[in-house]
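Quick look at coords-v6.txt (compact mmCIF, C-alpha atoms):
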# COMPACT_ATOMS: atom_id res chain seq x y z
CA MET C 26 132.38 88.34 119.73
CA ARG C 27 130.84 86.78 116.63
CA PRO C 28 127.31 85.29 116.50
CA ALA C 29 128.93 81.91 115.86
CA ASP C 30 130.12 82.04 119.46
CA HIS C 31 126.48 82.01 120.56
CA GLY C 32 125.77 78.61 118.98
CA HIS C 33 122.42 78.05 117.33
CA VAL C 34 120.31 81.20 116.81
CA VAL C 35 116.60 80.77 116.08
CA VAL C 36 114.74 83.68 114.48
CA VAL C 37 110.97 83.59 115.05
CA GLY C 38 108.92 85.19 112.29
CA GLY C 39 109.46 85.33 108.54
CA GLY C 40 108.49 88.94 107.87
CA ILE C 41 111.00 91.45 106.54
CA CYS C 42 112.57 91.98 109.96
CA GLY C 43 113.03 88.24 110.55
CA LEU C 44 114.38 87.67 107.06
CA ALA C 45 116.78 90.61 107.28
CA THR C 46 117.95 89.51 110.74
CA ALA C 47 118.59 85.95 109.60
CA HIS C 48 120.35 87.23 106.48
CA ARG C 49 122.61 89.50 108.53
CA LEU C 50 123.41 86.78 111.09
CA VAL C 51 124.29 84.28 108.36
CA ARG C 52 126.64 86.85 106.82
CA LEU C 53 128.27 87.23 110.23
CA GLY C 54 128.86 83.48 110.43
CA ALA C 55 126.05 82.39 112.74
CA ARG C 56 124.22 79.06 112.60
CA VAL C 57 120.65 80.21 112.00
CA THR C 58 117.19 78.67 111.76
CA LEU C 59 114.25 80.87 110.80
CA LEU C 60 110.79 79.65 111.82
CA GLU C 61 107.70 80.98 110.01
CA GLY C 62 104.28 79.77 111.05
CA GLY C 63 102.56 80.37 107.72
CA ASP C 64 103.13 78.92 104.29
CA ARG C 65 104.62 82.15 102.92
CA LEU C 66 107.46 84.43 103.92
CA GLY C 67 107.17 88.21 103.97
CA GLY C 68 104.73 89.15 106.74
CA LEU C 69 102.95 92.26 105.48
CA GLY C 70 104.91 91.75 102.27
CA THR C 71 103.22 88.44 101.49
CA PHE C 72 101.66 87.99 98.09
CA PHE C 73 99.01 85.95 96.33
CA GLY C 74 98.64 84.50 92.85
CA TRP C 75 96.44 86.45 90.45
CA ARG C 76 96.19 85.01 86.98
CA ASP C 77 99.80 84.25 86.13
CA ARG C 78 101.15 87.10 88.31
CA TRP C 79 102.02 87.63 91.95
CA VAL C 80 100.50 90.59 93.79
CA GLU C 81 101.26 92.01 97.25
CA ARG C 82 98.40 91.73 99.69
CA PHE C 83 99.36 95.09 101.21
CA TYR C 84 100.79 98.11 99.40
CA HIS C 85 104.50 99.02 99.53
CA CYS C 86 106.93 101.41 97.94
CA VAL C 87 110.59 102.35 98.28
CA MET C 88 111.52 105.92 99.22
CA PRO C 89 114.83 107.51 98.17
CA THR C 90 115.58 108.05 101.88
CA ASP C 91 115.25 104.32 102.69
CA GLU C 92 118.99 103.86 103.21
CA HIS C 93 118.76 100.60 105.18
CA LEU C 94 116.48 98.94 102.64
CA LEU C 95 118.51 100.20 99.69
CA ASP C 96 121.73 98.90 101.28
CA LEU C 97 120.06 95.51 101.67
CA LEU C 98 118.98 95.55 98.02
CA ASP C 99 122.60 96.31 97.14
CA GLU C 100 123.72 93.19 99.02
CA LEU C 101 121.10 91.13 97.19
CA GLY C 102 121.96 92.57 93.79
CA LEU C 103 118.50 94.14 93.45
CA ARG C 104 119.11 97.85 93.84
CA ASP C 105 119.21 98.46 90.08
CA SER C 106 115.89 96.63 89.74
CA VAL C 107 114.07 99.54 91.43
CA THR C 108 112.28 101.85 89.01
CA TRP C 109 111.83 105.39 90.31
CA ARG C 110 108.87 107.53 89.30
CA PRO C 111 107.46 110.88 90.44
CA THR C 112 104.12 110.38 92.16
CA ARG C 113 101.29 112.73 93.02
CA MET C 114 98.89 113.06 95.93
CA GLY C 115 95.18 113.69 95.77
CA MET C 116 92.56 114.46 98.39
CA VAL C 117 88.86 113.59 98.48
CA VAL C 118 86.74 115.77 100.76
CA ASP C 119 82.95 115.57 100.94
CA GLY C 120 82.93 113.28 97.92
CA ARG C 121 84.88 115.62 95.63
CA GLY C 122 88.41 114.91 94.45
CA TYR C 123 91.21 117.48 94.41
CA PRO C 124 94.86 117.32 93.34
CA PHE C 125 97.03 118.00 96.39
CA THR C 126 100.65 117.98 95.26
CA THR C 127 101.79 121.45 94.22
CA ALA C 128 101.47 124.95 95.67
CA LEU C 129 98.97 125.74 92.92
CA ASP C 130 96.91 122.69 93.93
CA LEU C 131 96.78 124.01 97.49
CA LEU C 132 95.69 127.46 96.37
CA ARG C 133 92.79 125.83 94.48
CA PHE C 134 91.81 123.60 97.42
CA THR C 135 88.43 125.19 98.19
CA PRO C 136 87.49 123.13 101.30
CA LEU C 137 89.80 125.55 103.10
CA GLY C 138 89.46 129.32 102.98
CA LEU C 139 92.31 131.26 101.40
CA PRO C 140 93.94 132.33 104.70
CA ASP C 141 93.97 128.70 105.88
CA ARG C 142 95.40 127.54 102.55
CA VAL C 143 98.27 130.02 102.79
CA ARG C 144 98.89 129.10 106.42
CA PHE C 145 98.80 125.39 105.58
CA GLY C 146 101.41 125.82 102.87
CA LEU C 147 103.78 127.95 104.95
CA VAL C 148 103.60 125.73 108.02
CA SER C 149 104.05 122.55 105.96
CA VAL C 150 107.21 123.93 104.37
CA LEU C 151 108.62 124.93 107.77
CA LEU C 152 107.32 122.03 109.87
CA ARG C 153 110.58 120.06 110.03
CA ARG C 154 112.44 123.20 111.07
CA LEU C 155 109.76 124.15 113.61
CA GLY C 156 110.20 120.79 115.34
CA LYS C 157 113.95 121.04 115.91
CA GLY C 158 114.95 121.44 119.53
CA ARG C 159 111.46 120.67 120.85
CA ASP C 160 110.44 117.76 123.07
CA LEU C 161 108.15 116.31 120.44
CA ASP C 162 108.22 112.90 122.13
CA GLY C 163 106.37 114.49 125.05
CA THR C 164 104.07 116.67 122.92
CA ARG C 165 100.65 115.55 121.73
CA THR C 166 100.27 115.63 117.96
CA GLU C 167 96.96 117.47 118.27
CA ASP C 168 98.40 120.16 120.54
CA TRP C 169 101.35 120.79 118.24
CA LEU C 170 99.51 120.75 114.92
CA ARG C 171 96.40 122.58 116.08
CA GLY C 172 98.64 125.34 117.40
CA LEU C 173 100.59 125.60 114.14
CA TYR C 174 97.86 125.09 111.56
CA GLY C 175 94.82 126.41 113.39
CA ASP C 176 91.52 124.82 114.34
CA ARG C 177 89.99 124.71 110.86
CA VAL C 178 92.87 122.79 109.25
CA TRP C 179 93.11 120.42 112.19
CA ASP C 180 89.38 119.69 112.33
CA LEU C 181 88.79 119.40 108.59
CA LEU C 182 91.93 117.60 107.40
CA LEU C 183 94.45 116.56 109.98
CA ALA C 184 92.17 115.04 112.61
CA PRO C 185 90.47 112.73 110.07
CA LEU C 186 93.86 111.71 108.65
CA PHE C 187 95.34 110.87 112.03
CA GLY C 188 92.12 109.26 113.17
CA ALA C 189 92.25 107.02 110.12
CA LYS C 190 95.76 105.88 111.07
CA PHE C 191 95.57 105.61 114.85
CA GLY C 192 91.90 105.30 115.77
CA THR C 193 90.39 107.12 118.74
CA ARG C 194 93.81 107.71 120.35
CA PHE C 195 95.13 109.71 117.38
CA GLY C 196 95.44 113.06 119.18
CA ASP C 197 97.68 111.60 121.88
CA VAL C 198 100.33 110.13 119.56
CA PRO C 199 103.69 111.87 120.10
CA ALA C 200 104.36 114.62 117.57
CA LEU C 201 107.83 113.13 117.14
CA TYR C 202 106.34 110.32 115.05
CA LEU C 203 104.89 112.79 112.56
CA TRP C 204 108.13 114.80 112.49
CA GLN C 205 110.09 111.66 111.60
CA ARG C 206 107.56 110.72 108.95
CA LEU C 207 107.99 114.07 107.24
CA GLY C 208 111.65 113.22 106.80
CA ARG C 209 110.68 110.15 104.73
CA GLU C 210 107.57 111.10 102.80
CA GLY C 211 105.93 114.01 101.07
CA ALA C 212 102.97 114.90 98.88
CA ALA C 213 105.22 115.43 95.86
CA SER C 214 107.73 112.63 95.95
CA VAL C 215 109.70 110.21 93.87
CA ARG C 216 108.93 106.66 94.85
CA GLY C 217 110.35 103.34 93.73
CA TYR C 218 109.08 99.85 93.04
CA PRO C 219 111.28 96.78 92.43
CA ARG C 220 111.03 94.67 89.32
CA GLY C 221 109.15 91.51 90.28
CA GLY C 222 107.56 93.30 93.22
CA TYR C 223 108.37 92.66 96.85
CA ARG C 224 108.18 88.95 96.16
CA ALA C 225 111.55 89.33 94.40
CA ILE C 226 113.09 90.76 97.59
CA ILE C 227 111.59 88.04 99.77
CA GLU C 228 112.78 85.25 97.49
CA ALA C 229 116.26 86.78 97.23
CA LEU C 230 116.52 86.91 101.03
CA HIS C 231 115.29 83.33 101.31
CA ALA C 232 117.91 82.16 98.83
CA ALA C 233 120.70 84.19 100.44
CA ILE C 234 119.97 82.74 103.89
CA GLU C 235 120.01 79.17 102.61
CA ASP C 236 123.05 79.76 100.40
CA GLY C 237 124.86 80.97 103.53
CA GLY C 238 124.03 77.79 105.42
CA GLY C 239 120.91 78.99 107.24
CA VAL C 240 117.70 77.00 107.49
CA VAL C 241 114.29 78.47 106.63
CA ARG C 242 111.22 76.53 107.75
CA LEU C 243 107.68 77.33 106.66
CA GLY C 244 104.59 75.95 108.36
CA ALA C 245 106.46 75.91 111.68
CA PRO C 246 104.34 77.93 114.13
CA VAL C 247 105.85 78.43 117.57
CA ARG C 248 103.42 77.57 120.36
CA ARG C 249 105.66 77.97 123.40
CA ILE C 250 109.03 79.53 124.25
CA ALA C 251 110.74 78.36 127.42
CA VAL C 252 114.02 79.40 129.01
CA THR C 253 116.43 76.56 129.75
CA ASP C 254 119.85 76.37 131.35
CA GLY C 255 122.04 78.15 128.85
CA GLY C 256 119.42 78.56 126.14
CA ALA C 257 115.81 78.21 125.12
CA ARG C 258 113.36 75.56 123.98
CA LEU C 259 110.71 76.30 121.36
CA VAL C 260 107.70 74.03 120.98
CA LEU C 261 106.15 74.02 117.52
CA GLY C 262 102.55 73.42 116.53
CA ASP C 263 103.02 69.71 115.93
CA GLY C 264 104.77 69.22 119.28
CA GLU C 265 108.28 69.24 117.84
CA THR C 266 110.88 70.86 120.09
CA VAL C 267 113.65 73.08 118.73
CA ALA C 268 116.61 73.87 120.98
CA ALA C 269 118.30 77.27 120.65
CA ASP C 270 121.21 79.00 122.30
CA ARG C 271 119.79 82.40 121.41
CA VAL C 272 116.34 83.45 120.11
CA VAL C 273 115.43 86.56 118.13
CA SER C 274 111.68 87.21 118.22
CA THR C 275 110.12 89.50 115.62
CA LEU C 276 106.58 88.81 116.82
CA PRO C 277 104.41 91.69 118.08
CA LEU C 278 104.74 91.86 121.86
CA PRO C 279 101.15 90.71 122.54
CA GLN C 280 101.79 87.54 120.50
CA LEU C 281 105.12 86.93 122.21
CA ARG C 282 103.54 87.21 125.67
CA ALA C 283 101.02 84.54 124.71
CA LEU C 284 103.87 82.15 123.81
CA ALA C 285 106.18 82.76 126.78
CA ASP C 286 106.26 80.15 129.53
CA ASP C 287 105.77 81.04 133.19
CA ASP C 288 109.48 81.66 133.68
CA LEU C 289 109.98 83.87 130.64
CA ALA C 290 106.74 85.89 130.75
CA PRO C 291 107.60 87.97 133.88
CA ARG C 292 110.93 88.94 132.32
CA LEU C 293 109.42 90.41 129.17
CA PRO C 294 109.23 94.21 129.02
CA ASP C 295 106.10 95.61 130.60
CA VAL C 296 105.20 97.70 127.56
CA ARG C 297 101.62 97.03 126.50
CA LEU C 298 101.18 98.94 123.28
CA PRO C 299 97.81 98.95 121.57
CA TYR C 300 98.07 98.04 117.89
CA GLN C 301 96.03 99.06 114.90
CA GLY C 302 95.24 96.36 112.38
CA VAL C 303 94.25 97.03 108.79
CA VAL C 304 91.57 95.96 106.34
CA ASN C 305 92.80 96.15 102.74
CA VAL C 306 90.53 95.73 99.74
CA LEU C 307 92.21 95.31 96.35
CA PHE C 308 90.35 96.38 93.21
CA PHE C 309 91.53 95.21 89.79
CA LEU C 310 90.06 97.75 87.37
CA ARG C 311 89.88 97.95 83.59
CA ARG C 312 90.39 101.70 83.76
CA PRO C 313 92.40 104.05 86.01
CA LEU C 314 91.02 106.36 88.65
CA SER C 315 92.56 109.79 89.28
CA GLY C 316 96.21 108.98 88.62
CA HIS C 317 97.21 109.99 92.13
CA TYR C 318 99.34 107.45 93.99
CA TRP C 319 98.00 108.37 97.43
CA THR C 320 94.54 109.82 98.11
CA PRO C 321 93.14 110.32 101.63
CA VAL C 322 89.34 110.18 101.69
CA VAL C 323 87.65 112.47 104.20
CA ARG C 324 83.92 112.80 105.05
CA SER C 325 82.86 111.09 101.85
CA GLY C 326 80.51 108.33 102.98
CA THR C 327 83.11 105.56 102.69
CA GLU C 328 84.41 103.16 105.29
CA PHE C 329 87.82 103.20 103.66
CA ASP C 330 89.75 106.37 104.39
CA GLY C 331 92.46 106.17 101.77
CA LEU C 332 93.26 104.89 98.30
CA ILE C 333 96.62 103.79 96.92
CA GLN C 334 96.72 103.56 93.12
CA MET C 335 99.62 101.41 91.99
CA THR C 336 99.46 102.28 88.27
CA PRO C 337 101.34 105.62 88.65
CA LEU C 338 104.13 103.76 90.46
CA ALA C 339 104.31 100.28 88.94
CA GLY C 340 102.35 100.61 85.68
CA VAL C 341 99.88 97.97 84.54
CA GLU C 342 102.28 95.23 83.41
CA PRO C 343 102.58 93.61 86.87
CA TYR C 344 98.78 93.32 86.93
CA ASP C 345 98.21 91.89 83.45
CA GLY C 346 97.10 95.21 82.02
CA ARG C 347 94.75 96.03 84.87
CA HIS C 348 94.87 98.99 87.28
CA LEU C 349 95.37 97.94 90.90
CA VAL C 350 93.85 100.10 93.64
CA TYR C 351 94.21 99.45 97.37
CA ALA C 352 91.48 100.80 99.66
CA MET C 353 92.34 100.64 103.34
CA ARG C 354 91.03 101.22 106.82
CA TYR C 355 93.20 100.93 109.91
CA THR C 356 91.14 99.46 112.72
CA ASP C 357 91.45 97.49 115.91
CA ARG C 358 91.56 93.72 115.36
CA GLU C 359 88.54 93.34 117.65
CA SER C 360 86.40 95.79 115.68
CA PRO C 361 83.25 94.63 113.86
CA LEU C 362 84.80 95.63 110.52
CA PHE C 363 87.90 93.52 111.08
CA ARG C 364 85.79 90.53 112.10
CA GLU C 365 83.26 90.91 109.29
CA ASP C 366 82.97 88.42 106.45
CA ASP C 367 85.31 89.31 103.57
CA ALA C 368 82.62 88.98 100.90
CA ALA C 369 80.38 91.48 102.69
CA VAL C 370 83.23 93.99 103.01
CA ALA C 371 84.12 93.53 99.33
CA ALA C 372 80.56 94.13 98.16
CA ARG C 373 80.00 97.20 100.32
CA TRP C 374 83.35 98.83 99.55
CA THR C 375 82.89 98.20 95.83
CA ALA C 376 79.62 100.10 95.96
CA GLN C 377 81.32 102.91 97.88
CA LEU C 378 84.19 103.11 95.38
CA LEU C 379 81.74 103.31 92.47
CA ALA C 380 79.73 106.02 94.23
CA LEU C 381 82.93 108.00 94.75
CA HIS C 382 83.93 107.58 91.09
CA PRO C 383 80.71 107.68 89.02
CA ASP C 384 82.72 107.52 85.79
CA VAL C 385 83.77 103.97 86.71
CA HIS C 386 81.21 101.41 85.53
CA PRO C 387 80.54 98.26 87.59
CA ASP C 388 81.84 96.23 84.65
CA ASP C 389 85.18 98.02 85.03
CA VAL C 390 85.68 96.21 88.35
CA GLU C 391 87.17 92.92 87.22
CA ASP C 392 88.13 91.42 90.59
CA VAL C 393 88.07 92.31 94.29
CA ARG C 394 90.17 90.74 97.04
CA VAL C 395 90.14 91.36 100.81
CA PHE C 396 93.12 90.93 103.15
CA LYS C 397 93.45 91.76 106.83
CA ALA C 398 96.40 92.04 109.21
CA PRO C 399 95.93 92.32 113.00
CA PHE C 400 99.22 93.98 114.05
CA VAL C 401 100.28 96.79 111.73
CA GLU C 402 100.77 100.09 113.53
CA PRO C 403 101.63 100.47 117.22
CA VAL C 404 99.91 103.42 118.87
CA TYR C 405 102.80 104.94 120.78
CA PRO C 406 102.13 106.83 124.03
CA LEU C 407 103.67 110.15 125.01
CA GLY C 408 107.20 109.86 126.30
CA TYR C 409 107.75 106.51 124.58
CA LEU C 410 111.47 107.11 123.98
CA ALA C 411 112.10 106.52 127.68
CA ARG C 412 109.77 103.51 127.76
CA ARG C 413 110.89 101.82 124.55
CA PRO C 414 111.95 98.28 125.52
CA PRO C 415 115.58 97.21 125.13
CA VAL C 416 116.53 94.76 122.40
CA VAL C 417 118.01 92.30 124.89
CA VAL C 418 115.66 90.77 127.48
CA ALA C 419 117.87 90.76 130.57
CA GLY C 420 118.65 87.38 132.10
CA THR C 421 117.35 85.45 129.09
CA PRO C 422 118.69 84.24 125.73
CA LEU C 423 115.97 86.33 124.01
CA LEU C 424 116.42 89.37 121.78
CA LEU C 425 113.53 91.43 120.44
CA ALA C 426 113.14 92.95 116.98
CA THR C 427 109.58 94.28 116.78
CA THR C 428 107.69 97.37 115.66
CA ALA C 429 107.76 98.44 119.32
CA HIS C 430 111.49 99.02 118.84
CA VAL C 431 111.62 101.11 115.66
CA TYR C 432 110.15 104.29 117.19
CA PRO C 433 110.65 107.15 116.49
CA ASP C 434 111.23 105.90 112.95
CA VAL C 435 108.16 105.22 110.83
CA THR C 436 107.07 101.58 110.72
CA SER C 437 108.25 100.47 107.30
CA TRP C 438 110.44 97.92 105.58
CA ASN C 439 113.30 100.40 105.86
CA SER C 440 113.04 100.77 109.63
CA SER C 441 112.62 97.00 110.03
CA VAL C 442 115.81 96.36 108.06
CA GLY C 443 117.64 98.95 110.15
CA LEU C 444 116.39 97.30 113.34
CA ALA C 445 117.49 93.88 112.04
CA ARG C 446 121.01 95.18 111.51
CA ARG C 447 121.07 96.64 115.02
CA VAL C 448 119.88 93.39 116.59
CA ALA C 449 122.39 91.29 114.64
CA ALA C 450 125.19 93.66 115.64
CA THR C 451 124.07 93.48 119.28
CA LEU C 452 124.25 89.71 119.12
CA ALA C 453 127.70 90.01 117.58
CA GLY C 454 128.82 92.27 120.41
CA ALA C 455 129.30 95.41 118.32
CA PRO C 456 128.15 98.66 120.00
CA GLN C 457 125.33 100.33 118.11
CA PRO C 458 123.95 103.85 118.31
CA VAL C 459 120.44 104.07 119.66
CA PRO C 460 118.08 105.67 117.11
CA GLY C 461 116.13 108.75 118.09
Could you express the structure from this file as structure tokens?
Amino acid sequence: MRPADHGHVVVVGGGICGLATAHRLVRLGARVTLLEGGDRLGGLGTFFGWRDRWVERFYHCVMPTDEHLLDLLDELGLRDSVTWRPTRMGMVVDGRGYPFTTALDLLRFTPLGLPDRVRFGLVSVLLRRLGKGRDLDGTRTEDWLRGLYGDRVWDLLLAPLFGAKFGTRFGDVPALYLWQRLGREGAASVRGYPRGGYRAIIEALHAAIEDGGGVVRLGAPVRRIAVTDGGARLVLGDGETVAADRVVSTLPLPQLRALADDDLAPRLPDVRLPYQGVVNVLFFLRRPLSGHYWTPVVRSGTEFDGLIQMTPLAGVEPYDGRHLVYAMRYTDRESPLFREDDAAVAARWTAQLLALHPDVHPDDVEDVRVFKAPFVEPVYPLGYLARRPPVVVAGTPLLLATTAHVYPDVTSWNSSVGLARRVAATLAGAPQPVPG
């Protein structure tokens, strides 16, 4: 069965998953309308104007293992626009920076004693192999890693890193998530960045959807989703009603529950995942920092717990000759930090960045921008594979394509594009393997 047989399909949400879903459905012959509540497409890939350039609000990169994303770029004619560069990792502990990419870097990493350094290196090399055949979905990350690496490595390095990502629940996250992540990323890794940034991908998807006959609407927030006989009715912010035969929602499950009418709400999956939001502060600098793409910051008197330096990956041309640094902190959307005034966060984090890098003068900080996102990283519970909600909401015209569905894959543009393909194929009636 082709999607065209399902009549009008409405995709809710204009992030990468919604765009990729609409793109795939249009290619399969469906009549598609995509509704985005904001004035920009892209979700976490949205961008802002800076001078005469466009800059992503949140950091992104392409990994060589991102097969779903790279296939999509092939379809859009953008794969050759990706420039690949080797990148390095650093580590800041107790205010001091260390390179953390090679075996020699690890041997010189003095926050750990020599026996712990050797153990860290051996276990890290073997970690993927050590996880094979184990029920990592039912194993706490802390239990697995503390047992392998030892207490000192866990307490000094790994616990702060996982706490930065997942908050107070970090030790309970299934070890399977880490194991999958190791298959995508590494300290020493080649990473890619597309010419024109992620804006080029978003605009190419937008054009491809409309060229295929789909409709993309911005400024069209959905306020209510109701089930009707044979379809659904979506009420927009201005009271307009949009009729659909099938609906694909890419909204985080808490947002979707708030929109569902009294008939639809009880049918939604009873999976209530907590989500981590993120506070991102962007620094436009006249000089570079360490040259490391990724630098976790541990016990160093900063509220941010990581730095992403874009210059090693993208160079300075996209930023008008300046060096772009992202400082981030994952935090609950109800936290005081998330709710705090942007100007206060910018001022305080600028002071912390300068204290961490005394060779950077205040005049080197040319501009600072603050962006926040409330739903970034689901905090998955143990045994989530068996609890992961199905794509199709039984007895309704609704399909789900959310971050709650990508597990055990890492939440990324790649996993979102893979999920979009699976959802479109499900709508088309093609059997799909279940990931994980």
Using only C-alpha atoms, determine which residues lie at most 7 Å from segment 426-443 of chain C, disregarding the query and same-chain residues fewer than 5 positions distant; provide the list as a PDB file with C-alpha atoms, keeping the file's coordinate frame.
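Full text of out-v2.pdb as output:
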ATOM      1  CA  ILE C  41     111.000  91.450 106.540  1.00  0.00           C
ATOM      2  CA  CYS C  42     112.570  91.980 109.960  1.00  0.00           C
ATOM      3  CA  ALA C  45     116.780  90.610 107.280  1.00  0.00           C
ATOM      4  CA  ASP C  91     115.250 104.320 102.690  1.00  0.00           C
ATOM      5  CA  HIS C  93     118.760 100.600 105.180  1.00  0.00           C
ATOM      6  CA  LEU C  94     116.480  98.940 102.640  1.00  0.00           C
ATOM      7  CA  LEU C 201     107.830 113.130 117.140  1.00  0.00           C
ATOM      8  CA  TYR C 202     106.340 110.320 115.050  1.00  0.00           C
ATOM      9  CA  GLN C 205     110.090 111.660 111.600  1.00  0.00           C
ATOM     10  CA  ARG C 206     107.560 110.720 108.950  1.00  0.00           C
ATOM     11  CA  VAL C 273     115.430  86.560 118.130  1.00  0.00           C
ATOM     12  CA  SER C 274     111.680  87.210 118.220  1.00  0.00           C
ATOM     13  CA  THR C 275     110.120  89.500 115.620  1.00  0.00           C
ATOM     14  CA  LEU C 276     106.580  88.810 116.820  1.00  0.00           C
ATOM     15  CA  PRO C 277     104.410  91.690 118.080  1.00  0.00           C
ATOM     16  CA  PRO C 403     101.630 100.470 117.220  1.00  0.00           C
ATOM     17  CA  ARG C 413     110.890 101.820 124.550  1.00  0.00           C
ATOM     18  CA  PRO C 414     111.950  98.280 125.520  1.00  0.00           C
ATOM     19  CA  VAL C 416     116.530  94.760 122.400  1.00  0.00           C
ATOM     20  CA  VAL C 448     119.880  93.390 116.590  1.00  0.00           C
ATOM     21  CA  GLY C 461     116.130 108.750 118.090  1.00  0.00           C
TER      22      GLY C 461
END
- Message: Rounded to one decimal, what separation in Å do you get between atom CA of Val57 of chain C and atom CA of Gly32 of chain C?
- Response: 8.8 Å
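Atom CA of Val401 of chain C sits 21.9 Å away from atom CA of Glu167 of chain C.
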Any chance you could tabulate, as CSV, the residues of segment 205-313 of chain C at most 7 Å from segment 65-70 of chain C with each one's nearest atom pair and distance in Å to one decimal, using only C-alpha atoms, in chain and rising number order?
residue,atom,partner,partner_atom,distance
C:Tyr223,CA,C:Gly70,CA,6.5
C:Ile227,CA,C:Gly67,CA,6.1
C:Leu243,CA,C:Arg65,CA,6.8
- Min atom-atom distance to Arg292 of chain C from the set C:Val247, C:Val417, C:Ala445, C:Val148, counting all atoms listed in the file, belongs to C:Val417
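Between atom CA of Met114 of chain C and atom CA of Leu381 of chain C there is a distance of 16.8 Å.
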- Determine the nearest neighbour of Leu289 of chain C from the options C:Ala380, C:Leu60, C:Leu423, C:Val306, counting all atoms listed in the file. C:Leu423
- Message: Residues within 7 Å of segment 325-333 of chain C, please, as a ChimeraX atom specification. Count all atoms listed in the file; anything in the same chain fewer than 4 positions from it doesn't count.
- Response: /C:118-120,189,318-321,350-354,377
- Message: I want to know what sits within 12 Å of Ala372 of chain C, based on only C-alpha atoms, with residues of the same chain fewer than 6 positions away left out; could you give that as a ChimeraX atom specification?
- Response: /C:306-308,365-366,378-379,387,390,392-395
So that I have them on file, write out the residues from the current selection with C-alpha atoms, as a JSON list (two decimals), in the frame of the given file.
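Listed below is the output, result15.json:
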[["chain", "number", "residue", "atom", "x", "y", "z"],
["C", 306, "VAL", "CA", 90.53, 95.73, 99.74],
["C", 307, "LEU", "CA", 92.21, 95.31, 96.35],
["C", 308, "PHE", "CA", 90.35, 96.38, 93.21],
["C", 365, "GLU", "CA", 83.26, 90.91, 109.29],
["C", 366, "ASP", "CA", 82.97, 88.42, 106.45],
["C", 378, "LEU", "CA", 84.19, 103.11, 95.38],
["C", 379, "LEU", "CA", 81.74, 103.31, 92.47],
["C", 387, "PRO", "CA", 80.54, 98.26, 87.59],
["C", 390, "VAL", "CA", 85.68, 96.21, 88.35],
["C", 392, "ASP", "CA", 88.13, 91.42, 90.59],
["C", 393, "VAL", "CA", 88.07, 92.31, 94.29],
["C", 394, "ARG", "CA", 90.17, 90.74, 97.04],
["C", 395, "VAL", "CA", 90.14, 91.36, 100.81]]
For segment 43-52 of chain C, supply N, CA, C and O atoms and format the output as an mmCIF file, in the coordinates of the input.
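Produced file out-v6.cif, reproduced below:
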data_model
loop_
_atom_site.group_PDB
_atom_site.id
_atom_site.type_symbol
_atom_site.label_atom_id
_atom_site.label_comp_id
_atom_site.auth_asym_id
_atom_site.auth_seq_id
_atom_site.Cartn_x
_atom_site.Cartn_y
_atom_site.Cartn_z
ATOM 1 N N GLY C 43 112.447 89.561 110.307
ATOM 2 C CA GLY C 43 113.030 88.240 110.550
ATOM 3 C C GLY C 43 113.956 87.813 109.439
ATOM 4 O O GLY C 43 115.040 87.279 109.681
ATOM 5 N N LEU C 44 113.543 88.038 108.201
ATOM 6 C CA LEU C 44 114.380 87.670 107.060
ATOM 7 C C LEU C 44 115.679 88.471 107.061
ATOM 8 O O LEU C 44 116.763 87.922 106.836
ATOM 9 N N ALA C 45 115.576 89.782 107.283
ATOM 10 C CA ALA C 45 116.780 90.610 107.280
ATOM 11 C C ALA C 45 117.696 90.265 108.436
ATOM 12 O O ALA C 45 118.928 90.281 108.293
ATOM 13 N N THR C 46 117.126 89.920 109.601
ATOM 14 C CA THR C 46 117.950 89.510 110.740
ATOM 15 C C THR C 46 118.681 88.217 110.442
ATOM 16 O O THR C 46 119.892 88.095 110.678
ATOM 17 N N ALA C 47 117.952 87.227 109.923
ATOM 18 C CA ALA C 47 118.590 85.950 109.600
ATOM 19 C C ALA C 47 119.663 86.138 108.533
ATOM 20 O O ALA C 47 120.751 85.547 108.603
ATOM 21 N N HIS C 48 119.375 86.952 107.542
ATOM 22 C CA HIS C 48 120.350 87.230 106.480
ATOM 23 C C HIS C 48 121.621 87.844 107.068
ATOM 24 O O HIS C 48 122.741 87.434 106.741
ATOM 25 N N ARG C 49 121.458 88.827 107.944
ATOM 26 C CA ARG C 49 122.610 89.500 108.530
ATOM 27 C C ARG C 49 123.411 88.541 109.414
ATOM 28 O O ARG C 49 124.647 88.521 109.383
ATOM 29 N N LEU C 50 122.719 87.717 110.201
ATOM 30 C CA LEU C 50 123.410 86.780 111.090
ATOM 31 C C LEU C 50 124.182 85.732 110.292
ATOM 32 O O LEU C 50 125.306 85.358 110.657
ATOM 33 N N VAL C 51 123.580 85.247 109.198
ATOM 34 C CA VAL C 51 124.290 84.280 108.360
ATOM 35 C C VAL C 51 125.554 84.903 107.786
ATOM 36 O O VAL C 51 126.623 84.279 107.749
ATOM 37 N N ARG C 52 125.463 86.161 107.353
ATOM 38 C CA ARG C 52 126.640 86.850 106.820
ATOM 39 C C ARG C 52 127.720 87.035 107.873
ATOM 40 O O ARG C 52 128.914 87.131 107.556
#
